[in-house]
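J.: Sharing structure-v2.cif here; it has mmCIF, C-alpha atoms.
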```cif
data_model
loop_
_atom_site.label_atom_id
_atom_site.label_comp_id
_atom_site.auth_asym_id
_atom_site.auth_seq_id
_atom_site.Cartn_x
_atom_site.Cartn_y
_atom_site.Cartn_z
CA MET A 1 0.00 0.00 0.00
CA LEU A 2 1.37 3.42 -0.98
CA VAL A 3 0.24 5.15 2.16
CA PHE A 4 1.92 8.35 1.03
CA TYR A 5 -0.80 8.70 -1.57
CA LEU A 6 -3.71 7.70 0.61
CA LEU A 7 -6.92 9.38 -0.56
CA ALA A 8 -9.34 8.81 2.28
CA PHE A 9 -12.03 11.11 0.93
CA PHE A 10 -15.34 9.51 0.01
CA LEU A 11 -15.78 8.18 -3.55
CA LEU A 12 -19.41 7.55 -4.37
CA VAL A 13 -19.72 4.39 -6.44
CA SER A 14 -22.45 1.91 -7.20
CA THR A 15 -22.54 -1.29 -5.19
CA THR A 16 -24.71 -4.36 -4.84
CA CYS A 17 -25.48 -7.03 -2.26
CA SER A 18 -24.21 -9.84 -4.49
CA SER A 19 -20.75 -10.26 -2.97
CA PRO A 20 -20.01 -13.76 -1.62
CA ALA A 21 -20.88 -14.44 1.98
CA VAL A 22 -18.14 -14.40 4.59
CA LEU A 23 -18.12 -17.01 7.34
CA LEU A 24 -18.43 -15.12 10.60
CA LYS A 25 -16.44 -16.58 13.47
CA MET A 26 -18.65 -16.45 16.53
CA GLU A 27 -17.46 -16.73 20.08
CA LYS A 28 -19.30 -18.92 22.59
CA LYS A 29 -22.47 -17.26 23.77
CA ALA A 30 -26.04 -18.33 24.50
CA ALA A 31 -27.29 -16.75 21.28
CA PRO A 32 -25.12 -16.77 18.12
CA TYR A 33 -25.61 -13.04 17.68
CA VAL A 34 -28.11 -10.35 18.51
CA ILE A 35 -30.06 -8.59 15.81
CA GLY A 36 -31.64 -5.52 17.34
CA GLY A 37 -34.99 -4.13 16.25
CA GLU A 38 -36.19 -0.80 17.59
CA SER A 39 -33.50 -0.39 20.23
CA GLY A 40 -33.96 0.93 23.72
CA LEU A 41 -31.55 3.72 22.78
CA ALA A 42 -33.18 6.40 24.90
CA ALA A 43 -33.16 4.19 27.99
CA LEU A 44 -29.54 3.21 27.44
CA ARG A 45 -28.49 6.81 27.03
CA MET A 46 -30.24 7.77 30.27
CA ALA A 47 -28.71 4.87 32.16
CA GLU A 48 -25.17 5.30 30.87
CA TYR A 49 -24.92 9.08 30.31
CA GLN A 50 -22.58 11.12 32.45
CA ARG A 51 -21.89 14.81 31.98
CA THR A 52 -18.41 15.42 30.63
CA PRO A 53 -15.98 18.37 30.55
CA GLU A 54 -16.51 21.24 28.13
CA ARG A 55 -13.29 20.54 26.22
CA ASN A 56 -11.36 17.30 25.79
CA ASN A 57 -7.79 17.00 24.53
CA ILE A 58 -6.91 13.68 22.91
CA THR A 59 -3.44 12.58 21.83
CA LEU A 60 -3.00 11.84 18.14
CA LYS A 61 -0.47 9.31 16.92
CA GLY A 62 0.94 8.87 13.42
CA ASN A 63 3.00 10.75 10.84
CA ILE A 64 3.37 11.40 7.12
CA PRO A 65 6.49 9.53 5.90
CA VAL A 66 5.95 6.18 7.64
CA LEU A 67 2.21 5.67 8.16
CA GLY A 68 0.67 8.45 6.10
CA VAL A 69 -2.17 8.74 8.64
CA TYR A 70 -2.95 10.21 12.06
CA TYR A 71 -5.04 8.21 14.49
CA VAL A 72 -6.57 7.99 17.97
CA ASN A 73 -7.55 5.16 20.27
CA LEU A 74 -11.34 4.79 20.34
CA THR A 75 -13.13 2.53 22.82
CA ILE A 76 -16.22 0.73 21.52
CA GLY A 77 -18.14 -1.48 23.90
CA GLY A 78 -15.10 -1.59 26.19
CA GLN A 79 -12.76 -2.62 23.34
CA THR A 80 -9.98 -0.24 22.24
CA ILE A 81 -9.35 0.16 18.51
CA ALA A 82 -7.01 2.57 16.68
CA VAL A 83 -8.97 4.61 14.11
CA GLN A 84 -7.78 7.15 11.57
CA VAL A 85 -9.05 10.70 12.16
CA ASP A 86 -10.49 11.71 8.79
CA THR A 87 -12.10 15.11 8.22
CA GLY A 88 -12.76 14.08 4.60
CA SER A 89 -15.39 11.42 5.39
CA SER A 90 -18.15 10.84 7.94
CA ASN A 91 -18.50 7.14 8.71
CA LEU A 92 -17.15 5.15 11.62
CA ALA A 93 -16.04 1.67 10.57
CA VAL A 94 -13.97 -0.92 12.44
CA PRO A 95 -13.09 -4.57 11.71
CA LEU A 96 -15.14 -7.39 13.25
CA HIS A 97 -13.80 -10.79 14.24
CA GLY A 98 -13.97 -12.89 11.08
CA CYS A 99 -13.22 -10.01 8.72
CA ARG A 100 -11.77 -11.13 5.39
CA ASN A 101 -8.61 -9.30 4.27
CA CYS A 102 -8.50 -7.22 7.44
CA HIS A 103 -4.91 -7.12 8.66
CA SER A 104 -5.73 -5.40 11.91
CA TYR A 105 -4.14 -5.11 15.32
CA ALA A 106 -7.54 -5.04 17.01
CA TYR A 107 -11.03 -6.30 16.20
CA TYR A 108 -14.42 -5.44 17.66
CA SER A 109 -16.63 -8.27 18.91
CA VAL A 110 -20.36 -7.90 19.60
CA THR A 111 -20.15 -10.84 22.00
CA LYS A 112 -17.65 -9.01 24.23
CA SER A 113 -19.85 -5.94 24.63
CA LYS A 114 -22.61 -5.41 27.17
CA HIS A 115 -24.75 -3.29 24.85
CA GLY A 116 -23.43 -4.13 21.36
CA LYS A 117 -25.79 -5.61 18.77
CA TYR A 118 -26.32 -5.79 15.03
CA LEU A 119 -28.92 -3.37 13.70
CA SER A 120 -31.82 -5.28 12.15
CA CYS A 121 -32.39 -4.80 8.45
CA LEU A 122 -36.10 -4.46 9.31
CA SER A 123 -35.42 -1.54 11.65
CA SER A 124 -36.75 1.85 10.64
CA ALA A 125 -33.16 3.11 11.04
CA CYS A 126 -32.10 0.83 8.17
CA ASN A 127 -33.92 2.66 5.42
CA CYS A 128 -32.13 4.40 2.57
CA SER A 129 -35.22 5.14 0.45
CA SER A 130 -35.13 8.84 1.34
CA SER A 131 -31.37 9.05 0.95
CA SER A 132 -29.69 10.86 -1.92
CA CYS A 133 -26.77 8.42 -1.67
CA TYR A 134 -25.60 6.28 -4.55
CA HIS A 135 -27.13 2.79 -4.64
CA CYS A 136 -30.27 2.07 -2.63
CA PRO A 137 -32.21 -1.12 -3.46
CA SER A 138 -35.81 -0.78 -4.63
CA SER A 139 -36.90 -2.21 -1.28
CA GLY A 140 -35.39 0.82 0.43
CA ARG A 141 -33.31 -1.45 2.66
CA TYR A 142 -29.64 -2.28 2.25
CA CYS A 143 -29.01 -5.55 4.09
CA SER A 144 -25.64 -7.07 4.92
CA ALA A 145 -24.38 -9.59 2.37
CA GLN A 146 -22.61 -11.43 5.18
CA LEU A 147 -25.43 -11.35 7.78
CA PRO A 148 -28.66 -10.87 5.76
CA ALA A 149 -30.79 -10.26 8.87
CA ALA A 150 -28.63 -7.25 9.72
CA CYS A 151 -28.56 -3.81 8.15
CA GLY A 152 -25.57 -3.51 5.84
CA PHE A 153 -23.02 -0.94 4.74
CA HIS A 154 -20.60 -0.59 1.84
CA ILE A 155 -18.11 2.27 1.49
CA ARG A 156 -15.38 2.94 -1.04
CA TYR A 157 -12.49 5.20 -0.11
CA GLY A 158 -9.43 6.13 -2.12
CA SER A 159 -7.53 3.42 -0.24
CA GLY A 160 -10.05 0.60 -0.75
CA ALA A 161 -13.58 -0.65 -0.16
CA ILE A 162 -15.09 -2.05 3.04
CA GLU A 163 -18.41 -3.70 3.84
CA GLY A 164 -20.31 -5.66 6.47
CA PRO A 165 -23.20 -5.33 8.95
CA VAL A 166 -24.17 -2.21 10.88
CA VAL A 167 -23.58 -2.42 14.65
CA GLU A 168 -24.93 -0.33 17.54
CA ASP A 169 -22.91 0.27 20.71
CA PHE A 170 -21.45 2.85 23.07
CA ILE A 171 -18.24 4.62 22.07
CA ASN A 172 -15.83 6.48 24.34
CA LEU A 173 -13.47 9.06 22.88
CA GLY A 174 -11.29 10.89 25.37
CA GLY A 175 -13.85 10.39 28.14
CA LEU A 176 -16.80 11.51 25.99
CA ARG A 177 -19.49 8.87 25.51
CA ALA A 178 -22.24 8.33 22.95
CA TYR A 179 -24.38 5.50 21.61
CA LEU A 180 -24.43 5.18 17.83
CA ALA A 181 -24.54 2.93 14.77
CA PHE A 182 -21.33 2.14 12.86
CA GLY A 183 -19.98 -0.14 10.18
CA GLY A 184 -18.62 -3.52 11.23
CA MET A 185 -16.14 -4.64 8.57
CA LEU A 186 -16.38 -8.26 7.44
CA ASN A 187 -14.78 -7.67 4.07
CA SER A 188 -12.00 -5.25 3.20
CA THR A 189 -9.29 -4.59 0.67
CA PRO A 190 -5.89 -5.52 2.18
CA GLN A 191 -4.50 -2.00 1.74
CA PHE A 192 -7.39 -0.22 3.51
CA GLU A 193 -5.47 0.98 6.59
CA PRO A 194 -1.78 0.68 7.51
CA SER A 195 -0.81 -1.09 10.74
CA PRO A 196 -1.34 -0.35 13.59
CA VAL A 197 -4.49 1.47 12.44
CA SER A 198 -7.55 -0.78 12.26
CA GLY A 199 -10.51 1.48 11.42
CA ILE A 200 -11.59 4.92 10.31
CA MET A 201 -13.47 7.71 12.09
CA GLY A 202 -14.99 10.31 9.76
CA MET A 203 -15.35 13.82 11.19
CA ALA A 204 -17.20 15.54 8.32
CA TYR A 205 -20.93 16.26 8.06
CA LYS A 206 -23.70 13.66 8.29
CA ASN A 207 -24.79 14.07 4.67
CA LEU A 208 -21.46 12.52 3.64
CA ALA A 209 -22.10 9.42 5.78
CA CYS A 210 -23.47 7.49 2.83
CA SER A 211 -23.19 3.73 2.96
CA PRO A 212 -25.97 3.85 1.47
CA ASN A 213 -27.80 4.19 4.78
CA THR A 214 -26.90 7.41 6.57
CA PHE A 215 -26.06 7.20 10.27
CA GLU A 216 -25.00 9.85 12.77
CA PRO A 217 -21.22 10.45 12.67
CA VAL A 218 -19.15 10.23 15.84
CA PHE A 219 -18.72 13.95 16.36
CA ASP A 220 -22.42 14.70 15.78
CA ALA A 221 -23.29 12.03 18.33
CA LEU A 222 -20.91 13.52 20.89
CA VAL A 223 -22.34 17.01 20.36
CA ASN A 224 -25.89 15.71 20.79
CA GLN A 225 -25.29 13.29 23.65
CA ALA A 226 -22.20 14.45 25.55
CA ASN A 227 -23.21 18.12 25.66
CA ILE A 228 -20.08 19.58 24.01
CA SER A 229 -19.92 22.58 21.69
CA ASN A 230 -20.14 22.03 17.94
CA ILE A 231 -16.46 22.74 17.35
CA PHE A 232 -13.26 20.69 17.24
CA SER A 233 -9.65 21.38 16.39
CA LEU A 234 -6.68 19.44 15.05
CA CYS A 235 -2.97 19.95 15.37
CA LEU A 236 -0.63 17.66 13.42
CA ASN A 237 3.13 17.56 13.74
CA ARG A 238 5.93 15.34 12.52
CA SER A 239 5.05 12.64 15.01
CA GLY A 240 1.55 12.73 16.45
CA GLY A 241 -0.49 15.72 17.48
CA ARG A 242 -3.67 16.67 19.28
CA LEU A 243 -7.41 16.45 18.69
CA THR A 244 -9.52 18.79 20.82
CA LEU A 245 -13.27 18.13 21.01
CA GLY A 246 -15.75 20.82 22.01
CA GLY A 247 -13.38 23.76 21.71
CA ILE A 248 -9.78 24.83 21.18
CA ASP A 249 -6.65 24.68 23.31
CA PRO A 250 -4.94 28.09 23.11
CA SER A 251 -1.80 26.75 24.76
CA ILE A 252 -0.66 25.19 21.47
CA ASN A 253 -1.21 28.24 19.22
CA ALA A 254 1.82 30.31 18.28
CA THR A 255 -0.49 33.21 17.29
CA ASP A 256 -4.17 34.09 17.45
CA ILE A 257 -6.47 32.03 15.25
CA THR A 258 -7.63 33.60 11.99
CA TYR A 259 -11.07 32.47 10.82
CA VAL A 260 -12.50 32.41 7.31
CA PRO A 261 -15.96 31.25 6.14
CA LEU A 262 -16.51 27.68 5.00
CA ASN A 263 -17.92 27.36 1.49
CA LEU A 264 -20.36 24.62 2.43
CA ALA A 265 -22.50 22.69 0.01
CA ASN A 266 -26.26 22.56 0.60
CA PRO A 267 -26.68 20.34 2.52
CA PRO A 268 -23.13 20.41 3.98
CA THR A 269 -20.77 17.50 3.31
CA TYR A 270 -17.02 18.31 3.21
CA TYR A 271 -15.19 21.18 4.88
CA ARG A 272 -15.00 23.20 1.67
CA VAL A 273 -12.98 26.40 1.37
CA ASN A 274 -12.39 29.00 -1.33
CA LEU A 275 -8.85 29.00 -2.78
CA GLY A 276 -8.93 32.00 -5.12
CA GLY A 277 -7.70 30.34 -8.32
CA SER A 278 -3.99 30.90 -7.75
CA ILE A 279 -0.97 30.22 -5.57
CA VAL A 280 2.18 32.24 -4.92
CA VAL A 281 5.51 30.63 -5.77
CA ASN A 282 8.09 32.62 -3.84
CA ALA A 283 7.01 36.14 -4.86
CA SER A 284 5.33 35.21 -8.16
CA LYS A 285 1.59 34.73 -8.47
CA LEU A 286 0.75 31.61 -10.48
CA ALA A 287 -2.81 31.20 -11.75
CA LEU A 288 -3.99 27.60 -11.72
CA PRO A 289 -6.74 26.59 -14.15
CA GLU A 290 -8.78 24.66 -11.53
CA PHE A 291 -8.06 25.93 -8.05
CA ASP A 292 -11.16 27.78 -6.86
CA VAL A 293 -12.61 25.36 -4.29
CA GLY A 294 -10.98 22.66 -2.18
CA ILE A 295 -11.49 20.73 1.03
CA VAL A 296 -9.50 20.46 4.25
CA ASP A 297 -8.96 16.74 4.76
CA SER A 298 -6.84 15.12 7.47
CA GLY A 299 -7.49 11.74 5.84
CA THR A 300 -5.51 12.65 2.72
CA THR A 301 -1.76 12.70 3.11
CA LEU A 302 -0.72 15.10 0.33
CA LEU A 303 -1.75 18.27 -1.46
CA VAL A 304 -3.94 16.97 -4.30
CA LEU A 305 -4.52 18.99 -7.47
CA THR A 306 -6.41 18.38 -10.69
CA PRO A 307 -4.23 17.17 -13.58
CA ASN A 308 -4.44 20.60 -15.27
CA SER A 309 -3.36 22.48 -12.15
CA PHE A 310 -0.57 20.00 -11.46
CA LYS A 311 0.68 20.36 -15.05
CA THR A 312 0.70 24.17 -14.74
CA LEU A 313 2.76 24.00 -11.55
CA LYS A 314 5.10 21.39 -13.04
CA ASN A 315 5.70 23.55 -16.12
CA TYR A 316 6.49 26.54 -13.90
CA MET A 317 8.98 24.53 -11.87
CA GLU A 318 10.70 23.16 -14.98
CA THR A 319 10.93 26.67 -16.43
CA ASN A 320 12.47 28.26 -13.33
CA TYR A 321 14.19 25.53 -11.29
CA CYS A 322 15.92 23.20 -13.72
CA HIS A 323 19.20 23.71 -11.87
CA ILE A 324 17.94 21.37 -9.13
CA ARG A 325 19.16 17.85 -9.74
CA GLY A 326 16.70 15.57 -11.46
CA LEU A 327 13.81 18.03 -11.68
CA CYS A 328 14.01 18.38 -15.48
CA ASP A 329 15.26 14.89 -16.29
CA LEU A 330 13.29 12.68 -18.70
CA HIS A 331 11.97 10.82 -15.67
CA SER A 332 11.62 13.87 -13.44
CA TRP A 333 10.82 13.33 -9.78
CA TRP A 334 8.39 16.28 -10.00
CA THR A 335 5.65 13.96 -11.11
CA SER A 336 2.33 12.67 -9.86
CA ASN A 337 2.20 9.13 -8.54
CA GLN A 338 -0.56 8.38 -11.06
CA THR A 339 1.99 8.54 -13.88
CA GLY A 340 3.72 5.44 -12.52
CA LEU A 341 6.98 7.38 -12.16
CA ASN A 342 8.86 7.79 -8.90
CA PRO A 343 8.17 11.14 -7.16
CA CYS A 344 11.24 10.78 -4.94
CA THR A 345 14.76 12.15 -5.30
CA LYS A 346 18.17 11.74 -3.69
CA ALA A 347 18.83 15.46 -4.02
CA ASN A 348 20.56 16.63 -0.87
CA ALA A 349 19.25 19.11 1.69
CA SER A 350 21.12 22.12 0.27
CA GLU A 351 19.69 21.45 -3.21
CA LEU A 352 16.17 21.15 -1.85
CA LYS A 353 16.49 24.43 0.03
CA ALA A 354 16.77 26.10 -3.38
CA LEU A 355 13.20 25.04 -4.14
CA PRO A 356 10.63 27.85 -3.74
CA ASN A 357 8.03 28.42 -1.07
CA ILE A 358 4.46 27.78 -2.16
CA THR A 359 1.73 29.89 -0.56
CA ILE A 360 -1.95 28.94 -0.63
CA THR A 361 -4.57 31.52 0.35
CA VAL A 362 -7.54 29.89 2.09
CA GLY A 363 -10.87 31.69 2.23
CA GLY A 364 -9.32 34.96 1.12
CA GLY A 365 -7.85 35.57 4.56
CA VAL A 366 -5.35 32.89 5.60
CA ASN A 367 -1.99 32.39 3.89
CA ILE A 368 -0.45 28.95 4.37
CA THR A 369 3.17 28.87 3.21
CA LEU A 370 4.79 25.52 2.42
CA THR A 371 8.58 25.45 2.39
CA SER A 372 10.48 22.76 0.55
CA GLU A 373 10.80 20.95 3.89
CA ASP A 374 7.00 20.80 4.01
CA TYR A 375 6.26 19.51 0.50
CA MET A 376 9.42 17.37 0.11
CA TYR A 377 9.11 14.91 2.97
CA PRO A 378 11.93 12.54 4.03
CA TYR A 379 11.62 8.83 3.38
CA THR A 380 13.99 5.91 3.98
CA HIS A 381 13.79 2.71 1.95
CA HIS A 382 16.22 -0.21 2.39
CA GLY A 383 18.67 2.09 4.14
CA GLU A 384 18.59 4.67 1.34
CA SER A 385 17.44 8.23 2.11
CA TYR A 386 15.09 10.09 -0.21
CA HIS A 387 12.84 13.12 -0.29
CA CYS A 388 9.44 12.62 -1.93
CA LEU A 389 7.11 15.16 -3.48
CA GLY A 390 4.09 15.87 -1.31
CA ILE A 391 1.97 17.13 -4.21
CA MET A 392 0.02 14.90 -6.60
CA SER A 393 -2.77 15.02 -9.17
CA SER A 394 -6.03 13.09 -9.24
CA LYS A 395 -8.57 12.73 -12.02
CA GLY A 396 -11.19 11.79 -9.41
CA LEU A 397 -11.53 15.30 -7.98
CA SER A 398 -13.98 16.52 -10.63
CA SER A 399 -16.44 13.72 -9.88
CA LEU A 400 -16.62 15.02 -6.30
CA GLY A 401 -17.15 18.61 -7.36
CA LEU A 402 -13.70 19.50 -6.01
CA GLN A 403 -10.59 21.11 -7.42
CA ALA A 404 -8.09 20.48 -4.61
CA ILE A 405 -7.57 18.62 -1.37
CA LEU A 406 -5.53 20.26 1.36
CA GLY A 407 -4.13 17.18 3.08
CA ASP A 408 -1.71 16.63 5.93
CA VAL A 409 1.25 18.13 4.05
CA VAL A 410 -0.62 21.46 4.00
CA ILE A 411 -2.29 21.54 7.42
CA ARG A 412 0.61 20.08 9.40
CA LYS A 413 2.31 22.64 11.68
CA HIS A 414 -1.03 24.44 12.15
CA VAL A 415 -3.87 24.38 14.60
CA VAL A 416 -6.97 23.96 12.42
CA VAL A 417 -10.30 24.83 14.04
CA PHE A 418 -13.47 23.33 12.56
CA ASP A 419 -16.05 25.75 13.97
CA ARG A 420 -19.19 24.10 12.67
CA ALA A 421 -21.46 26.18 14.90
CA HIS A 422 -20.45 29.33 12.99
CA GLU A 423 -19.73 27.67 9.61
CA ARG A 424 -16.13 28.82 9.60
CA ILE A 425 -12.64 27.35 9.76
CA GLY A 426 -9.67 28.80 11.62
CA PHE A 427 -5.91 28.51 11.26
CA ALA A 428 -2.95 29.44 13.43
CA PRO A 429 0.68 28.31 13.36
CA SER A 430 1.17 25.75 16.11
CA LEU A 431 3.92 25.61 18.66
CA ARG A 432 6.64 23.13 17.80
CA HIS A 433 5.11 20.22 19.68
CA CYS A 434 1.32 20.39 19.90
CA MET A 435 1.07 17.56 22.40
#
```
Turn this file's structure into structure tokens for me.
T.:
Amino acid sequence: MLVFYLLAFFLLVSTTCSSPAVLLKMEKKAAPYVIGGESGLAALRMAEYQRTPERNNITLKGNIPVLGVYYVNLTIGGQTIAVQVDTGSSNLAVPLHGCRNCHSYAYYSVTKSKHGKYLSCLSSACNCSSSSCYHCPSSGRYCSAQLPAACGFHIRYGSGAIEGPVVEDFINLGGLRAYLAFGGMLNSTPQFEPSPVSGIMGMAYKNLACSPNTFEPVFDALVNQANISNIFSLCLNRSGGRLTLGGIDPSINATDITYVPLNLANPPTYYRVNLGGSIVVNASKLALPEFDVGIVDSGTTLLVLTPNSFKTLKNYMETNYCHIRGLCDLHSWWTSNQTGLNPCTKANASELKALPNITITVGGGVNITLTSEDYMYPYTHHGESYHCLGIMSSKGLSSLGLQAILGDVVIRKHVVVFDRAHERIGFAPSLRHCM
């Protein structure tokens, strides 16, 4: 798996229930499994709910060059599972015992949970007929191919597809608790998540939680059930970082936070921002043909451009920076991974320092400047040291109505505030270690 080019944003594709059944390994229990109907959700919430602090800081683990993801430990039904924090999708999905092609460190088991159960396909919650998602059967119910009595889910990300039954249980994230429905993976592509990450936790808006049933995302559930404010913030650094739920932590900001409006779709899905149609390369303004709207996505590792924008930037670099070793060679390292060429170079540190700064203006009010150290990340392979280009192109952006993805390469070294209550996003340079 080329985790450096992980595109975790949601790709809407057609799917069916015809995939072969997967044998589910069941642990010893009086009943083989529980299929819940209309759950006693309200009663469970009342019995289990405890008021929690206004703001919760949670340690992030991960990095760009080795894993290509940032993740947290999430407890589900008393079982701890590492999940990627992805602001470019909205579903929670974790592997179940018996999952095919899941190479996970941890698995969730319904039989080990006091309140966990599979959501019945006959439940009113398992109804996609009113959904604007991709494939919804004529019956209006999407049942699990592996457990037909259970509601099902199927999601395709840039890093692979996952599917299985829908499960209901309590989650605990940094001391905040909520009861919700999530995807239990019984089938996955082998490259879905890199070890030690087992699942994914989407932090975008509910309308993006299309599987094709639409369930409440984790953060929405915490806002509604744990009584926190509708705001969270991220800080990513070279090794780990911090996720703050329900507010911001000013102790990790190097400056005050500057806010700009989100350019949300109607209804909202991604954290979309205006980009102004151009970037600044050192002191020169460079118009890009498709760079008006993008999304802020912690689940994508790199800065992703359309092929036309990437070509424009590549041409500019080859016109002005050919003195840097290998940049203008026949097989230049300034290339997108989709070309099949290697976007890595053995150019030394002094050569790379001659590369220009690239400044992106977000929302007309925040300038994010990437130095060569930011967009040429270090990588070691078989004892050899390289620097790899943290910018790529993707033909799939247009199908999502997007022109750019500001991934970890862009937002790293910043505190990014997702102020959903006021439909705005904030940025501030972070202190060196935002832990």
J.: Using all atoms listed in the file, give me every residue within 6 Å of (-23.2, -0.4, 8.6) in file coordinates, as a list of chain:residue names.
T.: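 Residues with an atom at most 6 Å from (-23.2, -0.4, 8.6): A:Gly152, A:Phe153, A:Pro165, A:Val166, A:Phe182, A:Gly183.
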J.: Assuming the chain letters and numbering stay as they are in my file, what does the PyMOL selection byres ((chain A and resi 251) around 12) actually select? List them as a list of chain:residue names.
T.: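 After applying the PyMOL selection byres ((chain A and resi 251) around 12), what remains is A:Asn57, A:Cys235, A:Arg242, A:Thr244, A:Ile248, A:Asp249, A:Pro250, A:Ile252, A:Asn253, A:Ala254, A:Thr255, A:Asp256, A:Ile257, A:Val415, A:Ala428, A:Pro429, A:Ser430, A:Leu431, A:Arg432, A:His433, A:Cys434, A:Met435.
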J.: Of the residues A:Tyr259, A:Phe232, A:Tyr70, A:Phe310, which is the one nearest to Gly246 (chain A), using only C-alpha atoms?
T.: A:Phe232
J.: As a check of understanding, name the residues that the PyMOL selection byres ((chain A and resi 381) around 12) selects in the supplied structure, as a ChimeraX atom specification.
T.: /A:65-66,344-346,378-380,382-388
J.: Given the file shown, enumerate the residues that the PyMOL selection byres ((chain A and resi 347-354) around 7) captures and present them as a list in words.
T.: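 Output of the PyMOL selection byres ((chain A and resi 347-354) around 7): Ile324, Arg325, Thr345, Lys346, Leu355, Pro356 and Ser372 of chain A.
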J.: Give as a ChimeraX atom specification every residue, naming chains and numbers as the document does, that has an atom within 10 Å of (4.7, 34.1, -2.8), counting all atoms listed in the file.
T.: /A:279-286,356-360,367,369
J.: Restricting the calculation to all atoms listed in the file: of A:Met317, A:Val410, A:Ala181, A:Ala150, which residue gets closest to Asn237 (chain A)?
T.: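 Among the listed residues, the smallest separation from Asn237 (chain A) belongs to A:Val410.
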J.: Tell me, in Å to one decimal, how far CA of Phe192 (chain A) is from CA of Asp408 (chain A).
T.: 17.9 Å
J.: Pick out the residues sitting within 6 Å of Ser278 (chain A), and hand them over as a list in words; count all atoms listed in the file, and ignore anything fewer than 2 positions along from it in its own chain.
T.: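 Near Ser278 (chain A), the qualifying residues are Gly276, Leu286, Ala287 and Leu288 of chain A.
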J.: Pick from A:Asn101, A:Thr258, A:Ser120, A:Thr269: nearest to Cys133 (chain A), with all atoms listed in the file counted?
T.: A:Thr269
J.: One decimal, in Å: what's the spacing between CA of Thr80 (chain A) and CA of Lys112 (chain A)?
T.: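 The value is 11.8 Å.
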J.: Taking into account all atoms listed in the file, which residue in the set A:Gly184, A:Gly247, A:Gly364, A:Pro148 is nearest to Ala421 (chain A)?
T.: A:Gly247
J.: Using all atoms listed in the file, which residues sit within 12 Å of Asn224 (chain A) once same-chain residues fewer than 2 positions away are excluded, as a compact mmCIF listing (two decimals) with C-alpha atoms, keeping the file's coordinate frame?
T.:
```txt
# COMPACT_ATOMS: atom_id res chain seq x y z
CA ARG A 45 -28.49 6.81 27.03
CA TYR A 49 -24.92 9.08 30.31
CA ARG A 51 -21.89 14.81 31.98
CA LEU A 176 -16.80 11.51 25.99
CA ARG A 177 -19.49 8.87 25.51
CA ALA A 178 -22.24 8.33 22.95
CA TYR A 179 -24.38 5.50 21.61
CA LEU A 180 -24.43 5.18 17.83
CA GLU A 216 -25.00 9.85 12.77
CA PRO A 217 -21.22 10.45 12.67
CA VAL A 218 -19.15 10.23 15.84
CA PHE A 219 -18.72 13.95 16.36
CA ASP A 220 -22.42 14.70 15.78
CA ALA A 221 -23.29 12.03 18.33
CA LEU A 222 -20.91 13.52 20.89
CA ALA A 226 -22.20 14.45 25.55
CA ASN A 227 -23.21 18.12 25.66
CA ILE A 228 -20.08 19.58 24.01
CA SER A 229 -19.92 22.58 21.69
CA ASN A 230 -20.14 22.03 17.94
CA GLY A 246 -15.75 20.82 22.01
```
J.: Please supply region 287-296 of chain A, rebuilt with N, CA and C atoms, as a PDB file, in the coordinates of the input.
T.:
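Written out: out-v7.pdb:
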```pdb
ATOM      1  N   ALA A 287      -1.406  31.588 -11.583  1.00  0.00           N
ATOM      2  CA  ALA A 287      -2.810  31.200 -11.750  1.00  0.00           C
ATOM      3  C   ALA A 287      -2.888  29.723 -12.100  1.00  0.00           C
ATOM      4  N   LEU A 288      -3.757  29.017 -11.424  1.00  0.00           N
ATOM      5  CA  LEU A 288      -3.990  27.600 -11.720  1.00  0.00           C
ATOM      6  C   LEU A 288      -5.367  27.464 -12.355  1.00  0.00           C
ATOM      7  N   PRO A 289      -5.489  26.638 -13.393  1.00  0.00           N
ATOM      8  CA  PRO A 289      -6.740  26.590 -14.150  1.00  0.00           C
ATOM      9  C   PRO A 289      -7.936  26.062 -13.351  1.00  0.00           C
ATOM     10  N   GLU A 290      -7.689  25.258 -12.320  1.00  0.00           N
ATOM     11  CA  GLU A 290      -8.780  24.660 -11.530  1.00  0.00           C
ATOM     12  C   GLU A 290      -8.358  24.650 -10.065  1.00  0.00           C
ATOM     13  N   PHE A 291      -8.513  25.813  -9.432  1.00  0.00           N
ATOM     14  CA  PHE A 291      -8.060  25.930  -8.050  1.00  0.00           C
ATOM     15  C   PHE A 291      -8.932  26.937  -7.303  1.00  0.00           C
ATOM     16  N   ASP A 292     -10.237  26.837  -7.500  1.00  0.00           N
ATOM     17  CA  ASP A 292     -11.160  27.780  -6.860  1.00  0.00           C
ATOM     18  C   ASP A 292     -11.709  27.252  -5.549  1.00  0.00           C
ATOM     19  N   VAL A 293     -11.993  25.951  -5.481  1.00  0.00           N
ATOM     20  CA  VAL A 293     -12.610  25.360  -4.290  1.00  0.00           C
ATOM     21  C   VAL A 293     -11.877  24.076  -3.932  1.00  0.00           C
ATOM     22  N   GLY A 294     -11.618  23.886  -2.646  1.00  0.00           N
ATOM     23  CA  GLY A 294     -10.980  22.660  -2.180  1.00  0.00           C
ATOM     24  C   GLY A 294     -11.561  22.258  -0.834  1.00  0.00           C
ATOM     25  N   ILE A 295     -11.059  21.175  -0.287  1.00  0.00           N
ATOM     26  CA  ILE A 295     -11.490  20.730   1.030  1.00  0.00           C
ATOM     27  C   ILE A 295     -10.287  20.561   1.947  1.00  0.00           C
ATOM     28  N   VAL A 296     -10.527  20.703   3.245  1.00  0.00           N
ATOM     29  CA  VAL A 296      -9.500  20.460   4.250  1.00  0.00           C
ATOM     30  C   VAL A 296      -9.719  19.049   4.780  1.00  0.00           C
TER      31      VAL A 296
END
```
